[in-house]
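Here's start22.tsv, which has TSV, C-alpha atoms and all ligand atoms:
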```tsv
chain	number	residue	atom	x	y	z
A	1	MET	CA	-61.77	92.41	69.25
A	2	ARG	CA	-60.00	92.27	72.63
A	3	ARG	CA	-62.37	92.96	75.48
A	4	ILE	CA	-62.06	94.87	78.71
A	5	TRP	CA	-64.63	95.89	81.31
A	6	PHE	CA	-64.77	99.33	82.91
A	7	ALA	CA	-66.48	99.39	86.32
A	8	THR	CA	-68.21	102.75	86.08
A	9	SER	CA	-71.68	104.21	85.89
A	10	ASN	CA	-70.41	107.58	84.65
A	11	PRO	CA	-71.11	107.97	80.89
A	12	GLY	CA	-68.58	110.82	80.63
A	13	LYS	CA	-65.79	108.61	81.96
A	14	LEU	CA	-66.84	105.70	79.72
A	15	ALA	CA	-66.69	107.88	76.61
A	16	GLU	CA	-63.25	109.19	77.61
A	17	ALA	CA	-61.93	105.65	78.22
A	18	LYS	CA	-63.21	104.32	74.88
A	19	ALA	CA	-61.26	106.99	73.03
A	20	PHE	CA	-57.99	105.80	74.61
A	21	LEU	CA	-58.58	102.10	74.11
A	22	ALA	CA	-58.81	101.91	70.32
A	23	GLY	CA	-58.72	98.25	69.29
A	24	TRP	CA	-60.44	97.23	72.53
A	25	GLU	CA	-64.11	96.63	73.10
A	26	VAL	CA	-64.79	98.56	76.31
A	27	LEU	CA	-67.86	97.25	78.16
A	28	GLU	CA	-69.49	98.81	81.20
A	29	ALA	CA	-69.25	96.45	84.20
A	30	PRO	CA	-72.20	96.60	86.59
A	31	GLY	CA	-71.66	96.96	90.31
A	32	GLU	CA	-71.92	100.01	92.55
A	33	VAL	CA	-69.78	100.17	95.68
A	34	GLU	CA	-69.60	102.61	98.52
A	35	GLU	CA	-66.54	104.79	97.90
A	36	ASP	CA	-65.45	104.81	101.53
A	37	GLN	CA	-61.70	104.29	101.23
A	38	PRO	CA	-59.30	106.99	102.46
A	39	ASP	CA	-57.67	107.60	99.08
A	40	LEU	CA	-58.27	107.39	95.32
A	41	ALA	CA	-56.23	104.19	94.88
A	42	GLY	CA	-58.22	102.44	97.63
A	43	ASN	CA	-61.53	103.33	95.99
A	44	ALA	CA	-60.32	102.39	92.49
A	45	ILE	CA	-59.15	98.98	93.76
A	46	LYS	CA	-62.42	98.44	95.65
A	47	LYS	CA	-64.45	99.21	92.51
A	48	ALA	CA	-62.32	96.94	90.29
A	49	ARG	CA	-62.57	94.07	92.78
A	50	ALA	CA	-66.34	94.46	93.18
A	51	ALA	CA	-67.13	94.51	89.44
A	52	ALA	CA	-69.29	91.65	88.27
A	53	ALA	CA	-67.06	90.76	85.31
A	54	GLY	CA	-64.30	88.28	84.57
A	55	GLY	CA	-61.15	88.75	82.49
A	56	LYS	CA	-59.64	92.21	82.48
A	57	VAL	CA	-61.50	94.83	84.52
A	58	PHE	CA	-60.51	98.35	85.39
A	59	ALA	CA	-61.97	101.04	87.61
A	60	GLU	CA	-61.06	104.64	88.23
A	61	ASP	CA	-61.36	107.11	91.05
A	62	SER	CA	-60.67	110.79	90.70
A	63	GLY	CA	-60.94	114.01	92.56
A	64	LEU	CA	-60.17	117.70	92.62
A	65	GLU	CA	-57.72	119.07	95.21
A	66	VAL	CA	-57.87	122.79	95.95
A	67	ASP	CA	-54.78	124.09	97.76
A	68	ALA	CA	-56.57	126.92	99.60
A	69	LEU	CA	-59.04	124.36	101.01
A	70	GLY	CA	-56.31	122.05	102.30
A	71	GLY	CA	-56.79	119.62	99.38
A	72	ALA	CA	-60.61	119.45	99.62
A	73	PRO	CA	-62.83	118.15	98.14
A	74	GLY	CA	-60.21	115.52	97.10
A	75	VAL	CA	-61.35	111.96	97.61
A	76	HIS	CA	-64.76	113.36	98.62
A	77	SER	CA	-65.28	115.19	95.29
A	78	ARG	CA	-68.45	113.33	94.36
A	79	ARG	CA	-69.98	113.59	97.84
A	80	TYR	CA	-69.26	117.33	98.13
A	81	ALA	CA	-72.87	118.14	97.14
A	82	ALA	CA	-75.84	116.42	95.52
A	83	SER	CA	-75.38	117.42	91.86
A	84	ASP	CA	-72.68	118.76	89.55
A	85	GLY	CA	-74.25	122.23	89.70
A	86	ALA	CA	-74.38	122.17	93.50
A	87	ARG	CA	-70.77	120.93	93.75
A	88	VAL	CA	-69.56	123.79	91.54
A	89	ALA	CA	-71.64	126.34	93.50
A	90	ARG	CA	-70.32	125.09	96.84
A	91	LEU	CA	-66.70	125.22	95.70
A	92	LEU	CA	-67.09	128.74	94.32
A	93	SER	CA	-68.68	129.95	97.55
A	94	GLU	CA	-65.97	128.33	99.69
A	95	LEU	CA	-63.35	130.14	97.59
A	96	ALA	CA	-65.09	133.54	97.59
A	97	GLY	CA	-62.57	136.13	98.77
A	98	VAL	CA	-59.84	133.52	99.28
A	99	PRO	CA	-56.53	134.47	97.64
A	100	GLY	CA	-54.95	131.70	95.55
A	101	ARG	CA	-57.06	129.39	93.40
A	102	GLU	CA	-54.48	126.70	92.56
A	103	ALA	CA	-55.88	123.19	92.20
A	104	ARG	CA	-55.26	119.85	90.55
A	105	PHE	CA	-57.27	116.92	89.36
A	106	ARG	CA	-55.93	113.47	90.18
A	107	ALA	CA	-57.01	110.11	88.82
A	108	VAL	CA	-56.01	106.57	89.70
A	109	VAL	CA	-56.92	103.64	87.47
A	110	ALA	CA	-56.85	100.13	88.99
A	111	LEU	CA	-56.58	97.26	86.49
A	112	LYS	CA	-57.50	93.78	87.73
A	113	VAL	CA	-56.31	90.80	85.70
A	114	GLY	CA	-57.25	87.63	87.52
A	115	GLU	CA	-56.00	88.30	91.06
A	116	ASP	CA	-53.30	90.74	89.93
A	117	LEU	CA	-53.75	94.48	90.37
A	118	HIS	CA	-51.92	97.24	88.49
A	119	LEU	CA	-52.25	100.96	89.25
A	120	PHE	CA	-51.89	103.91	86.84
A	121	ALA	CA	-52.01	107.53	88.00
A	122	GLY	CA	-52.41	110.88	86.29
A	123	SER	CA	-52.76	114.50	87.37
A	124	VAL	CA	-53.21	117.98	85.91
A	125	GLU	CA	-52.41	121.31	87.57
A	126	GLY	CA	-54.65	124.33	87.10
A	127	THR	CA	-56.72	127.06	88.73
A	128	ILE	CA	-60.37	127.46	89.72
A	129	ALA	CA	-62.28	130.02	87.63
A	130	THR	CA	-64.40	132.67	89.36
A	131	GLU	CA	-67.55	131.58	87.51
A	132	PRO	CA	-68.56	128.52	85.45
A	133	ARG	CA	-67.81	128.59	81.70
A	134	GLY	CA	-68.63	126.04	78.98
A	135	GLU	CA	-71.13	123.27	78.35
A	136	GLY	CA	-68.91	120.21	77.81
A	137	GLY	CA	-67.55	117.57	80.17
A	138	PHE	CA	-69.02	116.94	83.61
A	139	GLY	CA	-68.43	117.59	87.29
A	140	TYR	CA	-66.09	120.49	88.02
A	141	ASP	CA	-65.08	120.97	84.34
A	142	PRO	CA	-66.81	124.40	84.00
A	143	ILE	CA	-64.56	125.89	86.71
A	144	PHE	CA	-61.23	124.11	86.08
A	145	ILE	CA	-58.66	125.96	83.92
A	146	PRO	CA	-55.70	123.68	83.15
A	147	GLY	CA	-52.34	125.46	83.42
A	148	GLU	CA	-51.07	123.91	80.20
A	149	GLY	CA	-54.08	125.13	78.19
A	150	ASP	CA	-55.01	128.49	76.64
A	151	GLY	CA	-57.21	129.87	79.44
A	152	ARG	CA	-60.33	127.88	78.57
A	153	THR	CA	-61.98	125.67	81.18
A	154	PHE	CA	-62.21	121.92	80.54
A	155	ALA	CA	-65.93	122.45	79.80
A	156	GLU	CA	-65.02	124.82	76.93
A	157	MET	CA	-62.83	122.18	75.26
A	158	SER	CA	-63.69	119.27	73.01
A	159	ARG	CA	-63.40	115.82	74.59
A	160	GLU	CA	-60.14	115.28	72.65
A	161	GLU	CA	-58.64	118.56	73.86
A	162	LYS	CA	-59.57	117.81	77.47
A	163	SER	CA	-58.28	114.22	77.31
A	164	ALA	CA	-54.90	115.36	75.95
A	165	LEU	CA	-54.34	117.35	79.18
A	166	SER	CA	-56.49	115.68	81.78
A	167	HIS	CA	-55.66	113.56	84.83
A	168	ARG	CA	-57.82	110.70	83.54
A	169	GLY	CA	-56.37	111.02	80.03
A	170	ARG	CA	-52.89	110.59	81.47
A	171	ALA	CA	-53.85	107.60	83.61
A	172	LEU	CA	-55.76	106.03	80.69
A	173	ALA	CA	-52.81	106.56	78.33
A	174	ALA	CA	-50.61	104.65	80.79
A	175	LEU	CA	-53.26	101.91	81.06
A	176	ALA	CA	-53.55	101.66	77.25
A	177	ALA	CA	-49.76	101.44	76.83
A	178	TYR	CA	-49.58	98.63	79.40
A	179	LEU	CA	-52.50	96.71	77.86
A	180	ASN	CA	-51.14	97.01	74.35
A	181	GLU	CA	-47.68	95.85	75.47
A	182	THR	CA	-48.90	92.87	77.46
A	183	ALA	CA	-52.00	91.64	75.59
A	184	GLU	CA	-51.93	88.54	73.40
A	185	PRO	CA	-52.13	89.60	69.73
B	1	LIG	P1	-65.66	109.37	91.35
B	1	LIG	O1	-64.28	109.15	90.83
B	1	LIG	O2	-66.70	108.69	90.53
B	1	LIG	O3	-65.77	109.18	92.81
B	1	LIG	O4	-66.01	110.88	91.10
B	1	LIG	C1	-65.13	111.87	91.44
B	1	LIG	C2	-65.80	113.22	91.26
B	1	LIG	O5	-64.75	114.13	90.97
B	1	LIG	C3	-66.77	113.31	90.10
B	1	LIG	O6	-68.10	113.05	90.44
B	1	LIG	C4	-66.61	114.75	89.69
B	1	LIG	O7	-67.40	115.56	90.53
B	1	LIG	C5	-65.14	114.98	89.98
B	1	LIG	N1	-64.34	114.72	88.77
B	1	LIG	C6	-63.55	113.66	88.50
B	1	LIG	N2	-63.00	113.76	87.30
B	1	LIG	C7	-63.48	114.91	86.78
B	1	LIG	C8	-63.28	115.55	85.54
B	1	LIG	O8	-62.58	115.10	84.62
B	1	LIG	N3	-63.91	116.72	85.39
B	1	LIG	C9	-64.71	117.26	86.34
B	1	LIG	N4	-64.94	116.70	87.51
B	1	LIG	C10	-64.32	115.52	87.73
```

Could you write out this file's structure as structure tokens?
Ligand code: IMP
Amino acid sequence: MRRIWFATSNPGKLAEAKAFLAGWEVLEAPGEVEEDQPDLAGNAIKKARAAAAGGKVFAEDSGLEVDALGGAPGVHSRRYAASDGARVARLLSELAGVPGREARFRAVVALKVGEDLHLFAGSVEGTIATEPRGEGGFGYDPIFIPGEGDGRTFAEMSREEKSALSHRGRALAALAAYLNETAEP
């Protein structure tokens, strides 16, 4: 089977990526980096370059932008608080009493093949719920309601339902199309 490495330590992201890359063996590449770049693409490229793996390697960086908070937490989504529960609680308290709960998730995937880099982006528009709902997914999923859905949060959807709408699903679909077009049979 064709092989590709994913520089991530997030099991939720690894499971989502495997579902898109049917026909590929997706291996987790070790290597933690400080995500200190000013934007998602910069962090994704840094992670792909730092991965201790040869051949094809990809990395991803993602974040949630809330319009009423000037785009925060954005590239700082993971550092917003110490745990998923604390991140959700902080966001809900920052939005308490604020009119307008529009938000979007963005993802950028950086694929490194030798010294070449290719970028794939995806986004999904939605709103922030007033309280967490659902047990699935990770991160801000219990409070993100995608606009193209049926009112459920990402955490109330199956992984397949979320991936069909999500920022990372869209970036991974573009990655998979590129890999399948360009890979040796
Ligand atoms: P990073 O890309 O590993 O820096 O993480 C970005 C952070 O954004 C994650 O830790 C989550 O808090 C959040 N995030 C990214 N993608 C998702 C998602 O699909 N659902 C919920 N939260 C997400």

Could you work out an axis-aligned box for segment 125-140 of chain A, taking every atom the file lists and adding 8 Å on each side, and report centre and edge lengths in Å to one decimal, as JSON?
```
{"center_x": -61.8, "center_y": 124.8, "center_z": 83.8, "size_x": 34.7, "size_y": 31.7, "size_z": 27.9}
```

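Atom pair atom CA of Ala29 of chain A / atom CA of Tyr140 of chain A has a distance of 24.5 Å (rounded to one decimal).
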
Exercise. For atom C3 of ligand LIG 1 (chain B) and atom CA of Ala173 of chain A, determine how far apart the two atoms are, in Å to one decimal place.
Key: 19.5 Å

Self-check item: Selection as number ranges by chain: residues within 8 Å of (-66.7, 119.8, 74.7), counting all atoms listed in the file
Solution: A: 134-137, 154-159, 162

Output the selection as a PDB file, in the frame of the given file - C-alpha atoms for each residue.
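This went into result.pdb:
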```
ATOM      1  CA  GLY A 134     -68.630 126.040  78.980  1.00  0.00           C
ATOM      2  CA  GLU A 135     -71.130 123.270  78.350  1.00  0.00           C
ATOM      3  CA  GLY A 136     -68.910 120.210  77.810  1.00  0.00           C
ATOM      4  CA  GLY A 137     -67.550 117.570  80.170  1.00  0.00           C
ATOM      5  CA  PHE A 154     -62.210 121.920  80.540  1.00  0.00           C
ATOM      6  CA  ALA A 155     -65.930 122.450  79.800  1.00  0.00           C
ATOM      7  CA  GLU A 156     -65.020 124.820  76.930  1.00  0.00           C
ATOM      8  CA  MET A 157     -62.830 122.180  75.260  1.00  0.00           C
ATOM      9  CA  SER A 158     -63.690 119.270  73.010  1.00  0.00           C
ATOM     10  CA  ARG A 159     -63.400 115.820  74.590  1.00  0.00           C
ATOM     11  CA  LYS A 162     -59.570 117.810  77.470  1.00  0.00           C
TER      12      LYS A 162
END
```

Practice problem: Fewer than 5 positions away in the same chain doesn't count, so skip those; otherwise give me all residues within 7 Å of segment 58-69 of chain A, counting all atoms listed in the file, as a PyMOL selection string. | Solution: chain A and resi 5-8+40+43-44+47-48+74-75+77+100-112

Dump C-alpha atoms for the selected residues as a PDB file, in the frame of the given file?
```pdb
ATOM      1  CA  TRP A   5     -64.630  95.890  81.310  1.00  0.00           C
ATOM      2  CA  PHE A   6     -64.770  99.330  82.910  1.00  0.00           C
ATOM      3  CA  ALA A   7     -66.480  99.390  86.320  1.00  0.00           C
ATOM      4  CA  THR A   8     -68.210 102.750  86.080  1.00  0.00           C
ATOM      5  CA  LEU A  40     -58.270 107.390  95.320  1.00  0.00           C
ATOM      6  CA  ASN A  43     -61.530 103.330  95.990  1.00  0.00           C
ATOM      7  CA  ALA A  44     -60.320 102.390  92.490  1.00  0.00           C
ATOM      8  CA  LYS A  47     -64.450  99.210  92.510  1.00  0.00           C
ATOM      9  CA  ALA A  48     -62.320  96.940  90.290  1.00  0.00           C
ATOM     10  CA  GLY A  74     -60.210 115.520  97.100  1.00  0.00           C
ATOM     11  CA  VAL A  75     -61.350 111.960  97.610  1.00  0.00           C
ATOM     12  CA  SER A  77     -65.280 115.190  95.290  1.00  0.00           C
ATOM     13  CA  GLY A 100     -54.950 131.700  95.550  1.00  0.00           C
ATOM     14  CA  ARG A 101     -57.060 129.390  93.400  1.00  0.00           C
ATOM     15  CA  GLU A 102     -54.480 126.700  92.560  1.00  0.00           C
ATOM     16  CA  ALA A 103     -55.880 123.190  92.200  1.00  0.00           C
ATOM     17  CA  ARG A 104     -55.260 119.850  90.550  1.00  0.00           C
ATOM     18  CA  PHE A 105     -57.270 116.920  89.360  1.00  0.00           C
ATOM     19  CA  ARG A 106     -55.930 113.470  90.180  1.00  0.00           C
ATOM     20  CA  ALA A 107     -57.010 110.110  88.820  1.00  0.00           C
ATOM     21  CA  VAL A 108     -56.010 106.570  89.700  1.00  0.00           C
ATOM     22  CA  VAL A 109     -56.920 103.640  87.470  1.00  0.00           C
ATOM     23  CA  ALA A 110     -56.850 100.130  88.990  1.00  0.00           C
ATOM     24  CA  LEU A 111     -56.580  97.260  86.490  1.00  0.00           C
ATOM     25  CA  LYS A 112     -57.500  93.780  87.730  1.00  0.00           C
TER      26      LYS A 112
END
```

Per-residue nearest contacts of segment 113-185 of chain A to segment 22-27 of chain A (10 Å; only C-alpha atoms) as a tab-separated table:
```
residue	atom	partner	partner_atom	distance
A:Ala176	CA	A:Ala22	CA	8.7
A:Leu179	CA	A:Trp24	CA	9.6
A:Asn180	CA	A:Gly23	CA	9.2
```

Expected file contents, prior selection, C-alpha atoms, as a PDB file, keeping the file's coordinate frame:
```
ATOM      1  CA  ALA A 176     -53.550 101.660  77.250  1.00  0.00           C
ATOM      2  CA  LEU A 179     -52.500  96.710  77.860  1.00  0.00           C
ATOM      3  CA  ASN A 180     -51.140  97.010  74.350  1.00  0.00           C
TER       4      ASN A 180
END
```

Practice problem: Considering only C-alpha atoms, return as a ChimeraX atom specification whatever protein or nucleic-acid residues lie within 9 Å of Leu172 of chain A, sequence-local ones (same chain, fewer than 2 positions apart) excluded. | Solution: /A:16-17,20-21,109,120-122,167-170,174-177

Exercise. Rounded to one decimal place, report the atom CA of Pro11 of chain A-atom CA of Ser93 of chain A distance in Å.
Key: 27.7 Å

Quiz prompt | Residue among A:Ala96, A:Ala164, A:Ala183, A:Val88 lying closest to ligand LIG 1 (chain B), counting only C-alpha atoms and all ligand atoms | solution = A:Val88

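With distances restricted to all atoms listed in the file, A:Ile45 is the closest residue to Leu117 of chain A from A:Leu165, A:Ile143, A:Leu95, A:Ile45.
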
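Nearest-residue note for ligand LIG 1 (chain B): choosing from A:Gly139, A:Pro99, A:Gly147, A:Gly55, the minimum distance belongs to A:Gly139, counting only C-alpha atoms and all ligand atoms.
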
Quiz item: So which one's closest to His118 of chain A, A:Tyr178, A:Ile4, A:Ala53, A:Glu35? Using all atoms listed in the file, please.
Solution: A:Tyr178

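Among A:Gly97, A:Gly31, A:Gly149, A:Pro73, the residue with the shortest atom-to-atom distance to ligand LIG 1 (chain B), counting all atoms listed in the file, is A:Pro73.
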
All heavy atoms for segment 105-116 of chain A, written as an mmCIF file, keeping the file's coordinate frame, could you do that?
```cif
data_model
loop_
_atom_site.group_PDB
_atom_site.id
_atom_site.type_symbol
_atom_site.label_atom_id
_atom_site.label_comp_id
_atom_site.auth_asym_id
_atom_site.auth_seq_id
_atom_site.Cartn_x
_atom_site.Cartn_y
_atom_site.Cartn_z
ATOM 1 N N PHE A 105 -56.507 118.152 89.432
ATOM 2 C CA PHE A 105 -57.270 116.920 89.360
ATOM 3 C C PHE A 105 -56.291 115.754 89.438
ATOM 4 O O PHE A 105 -55.229 115.795 88.818
ATOM 5 C CB PHE A 105 -57.984 116.799 88.002
ATOM 6 C CG PHE A 105 -59.323 117.444 87.918
ATOM 7 C CD1 PHE A 105 -59.564 118.446 86.996
ATOM 8 C CD2 PHE A 105 -60.377 117.010 88.718
ATOM 9 C CE1 PHE A 105 -60.821 119.023 86.888
ATOM 10 C CE2 PHE A 105 -61.638 117.581 88.612
ATOM 11 C CZ PHE A 105 -61.850 118.588 87.691
ATOM 12 N N ARG A 106 -56.701 114.719 90.163
ATOM 13 C CA ARG A 106 -55.930 113.470 90.180
ATOM 14 C C ARG A 106 -56.839 112.321 89.817
ATOM 15 O O ARG A 106 -58.023 112.324 90.182
ATOM 16 C CB ARG A 106 -55.411 113.174 91.589
ATOM 17 C CG ARG A 106 -54.241 113.995 91.998
ATOM 18 C CD ARG A 106 -53.666 113.427 93.310
ATOM 19 N NE ARG A 106 -52.801 114.393 93.924
ATOM 20 C CZ ARG A 106 -51.560 114.645 93.524
ATOM 21 N NH1 ARG A 106 -51.047 113.984 92.512
ATOM 22 N NH2 ARG A 106 -50.833 115.547 94.137
ATOM 23 N N ALA A 107 -56.269 111.332 89.143
ATOM 24 C CA ALA A 107 -57.010 110.110 88.820
ATOM 25 C C ALA A 107 -56.114 108.910 89.080
ATOM 26 O O ALA A 107 -54.895 108.973 88.844
ATOM 27 C CB ALA A 107 -57.426 110.107 87.354
ATOM 28 N N VAL A 108 -56.709 107.855 89.574
ATOM 29 C CA VAL A 108 -56.010 106.570 89.700
ATOM 30 C C VAL A 108 -56.872 105.511 89.029
ATOM 31 O O VAL A 108 -58.070 105.416 89.311
ATOM 32 C CB VAL A 108 -55.750 106.184 91.170
ATOM 33 C CG1 VAL A 108 -55.092 104.795 91.252
ATOM 34 C CG2 VAL A 108 -54.869 107.217 91.853
ATOM 35 N N VAL A 109 -56.258 104.760 88.128
ATOM 36 C CA VAL A 109 -56.920 103.640 87.470
ATOM 37 C C VAL A 109 -56.367 102.354 88.092
ATOM 38 O O VAL A 109 -55.143 102.209 88.212
ATOM 39 C CB VAL A 109 -56.656 103.644 85.948
ATOM 40 C CG1 VAL A 109 -57.076 102.327 85.313
ATOM 41 C CG2 VAL A 109 -57.383 104.805 85.286
ATOM 42 N N ALA A 110 -57.255 101.455 88.495
ATOM 43 C CA ALA A 110 -56.850 100.130 88.990
ATOM 44 C C ALA A 110 -57.281 99.096 87.952
ATOM 45 O O ALA A 110 -58.463 99.017 87.614
ATOM 46 C CB ALA A 110 -57.501 99.834 90.331
ATOM 47 N N LEU A 111 -56.308 98.336 87.450
ATOM 48 C CA LEU A 111 -56.580 97.260 86.490
ATOM 49 C C LEU A 111 -56.465 95.932 87.225
ATOM 50 O O LEU A 111 -55.460 95.674 87.886
ATOM 51 C CB LEU A 111 -55.556 97.301 85.355
ATOM 52 C CG LEU A 111 -55.543 96.088 84.407
ATOM 53 C CD1 LEU A 111 -56.820 96.035 83.567
ATOM 54 C CD2 LEU A 111 -54.304 96.132 83.501
ATOM 55 N N LYS A 112 -57.508 95.100 87.103
ATOM 56 C CA LYS A 112 -57.500 93.780 87.730
ATOM 57 C C LYS A 112 -57.457 92.735 86.626
ATOM 58 O O LYS A 112 -58.317 92.723 85.734
ATOM 59 C CB LYS A 112 -58.757 93.620 88.586
ATOM 60 C CG LYS A 112 -58.846 92.324 89.340
ATOM 61 C CD LYS A 112 -60.038 92.387 90.291
ATOM 62 C CE LYS A 112 -60.397 91.013 90.807
ATOM 63 N NZ LYS A 112 -61.014 90.141 89.817
ATOM 64 N N VAL A 113 -56.432 91.904 86.664
ATOM 65 C CA VAL A 113 -56.310 90.800 85.700
ATOM 66 C C VAL A 113 -56.183 89.538 86.532
ATOM 67 O O VAL A 113 -55.143 89.324 87.166
ATOM 68 C CB VAL A 113 -55.070 90.976 84.789
ATOM 69 C CG1 VAL A 113 -55.046 89.883 83.722
ATOM 70 C CG2 VAL A 113 -55.041 92.352 84.140
ATOM 71 N N GLY A 114 -57.238 88.738 86.574
ATOM 72 C CA GLY A 114 -57.250 87.630 87.520
ATOM 73 C C GLY A 114 -57.160 88.190 88.924
ATOM 74 O O GLY A 114 -57.943 89.060 89.305
ATOM 75 N N GLU A 115 -56.168 87.754 89.699
ATOM 76 C CA GLU A 115 -56.000 88.300 91.060
ATOM 77 C C GLU A 115 -54.973 89.421 91.098
ATOM 78 O O GLU A 115 -54.722 90.009 92.147
ATOM 79 C CB GLU A 115 -55.602 87.179 92.039
ATOM 80 C CG GLU A 115 -56.735 86.204 92.346
ATOM 81 C CD GLU A 115 -58.038 86.929 92.704
ATOM 82 O OE1 GLU A 115 -58.029 87.767 93.620
ATOM 83 O OE2 GLU A 115 -59.066 86.671 92.029
ATOM 84 N N ASP A 116 -54.345 89.711 89.947
ATOM 85 C CA ASP A 116 -53.300 90.740 89.930
ATOM 86 C C ASP A 116 -53.904 92.138 89.772
ATOM 87 O O ASP A 116 -54.848 92.322 89.012
ATOM 88 C CB ASP A 116 -52.352 90.524 88.743
ATOM 89 C CG ASP A 116 -51.525 89.260 88.921
ATOM 90 O OD1 ASP A 116 -51.433 88.774 90.062
ATOM 91 O OD2 ASP A 116 -50.997 88.778 87.908
#
```
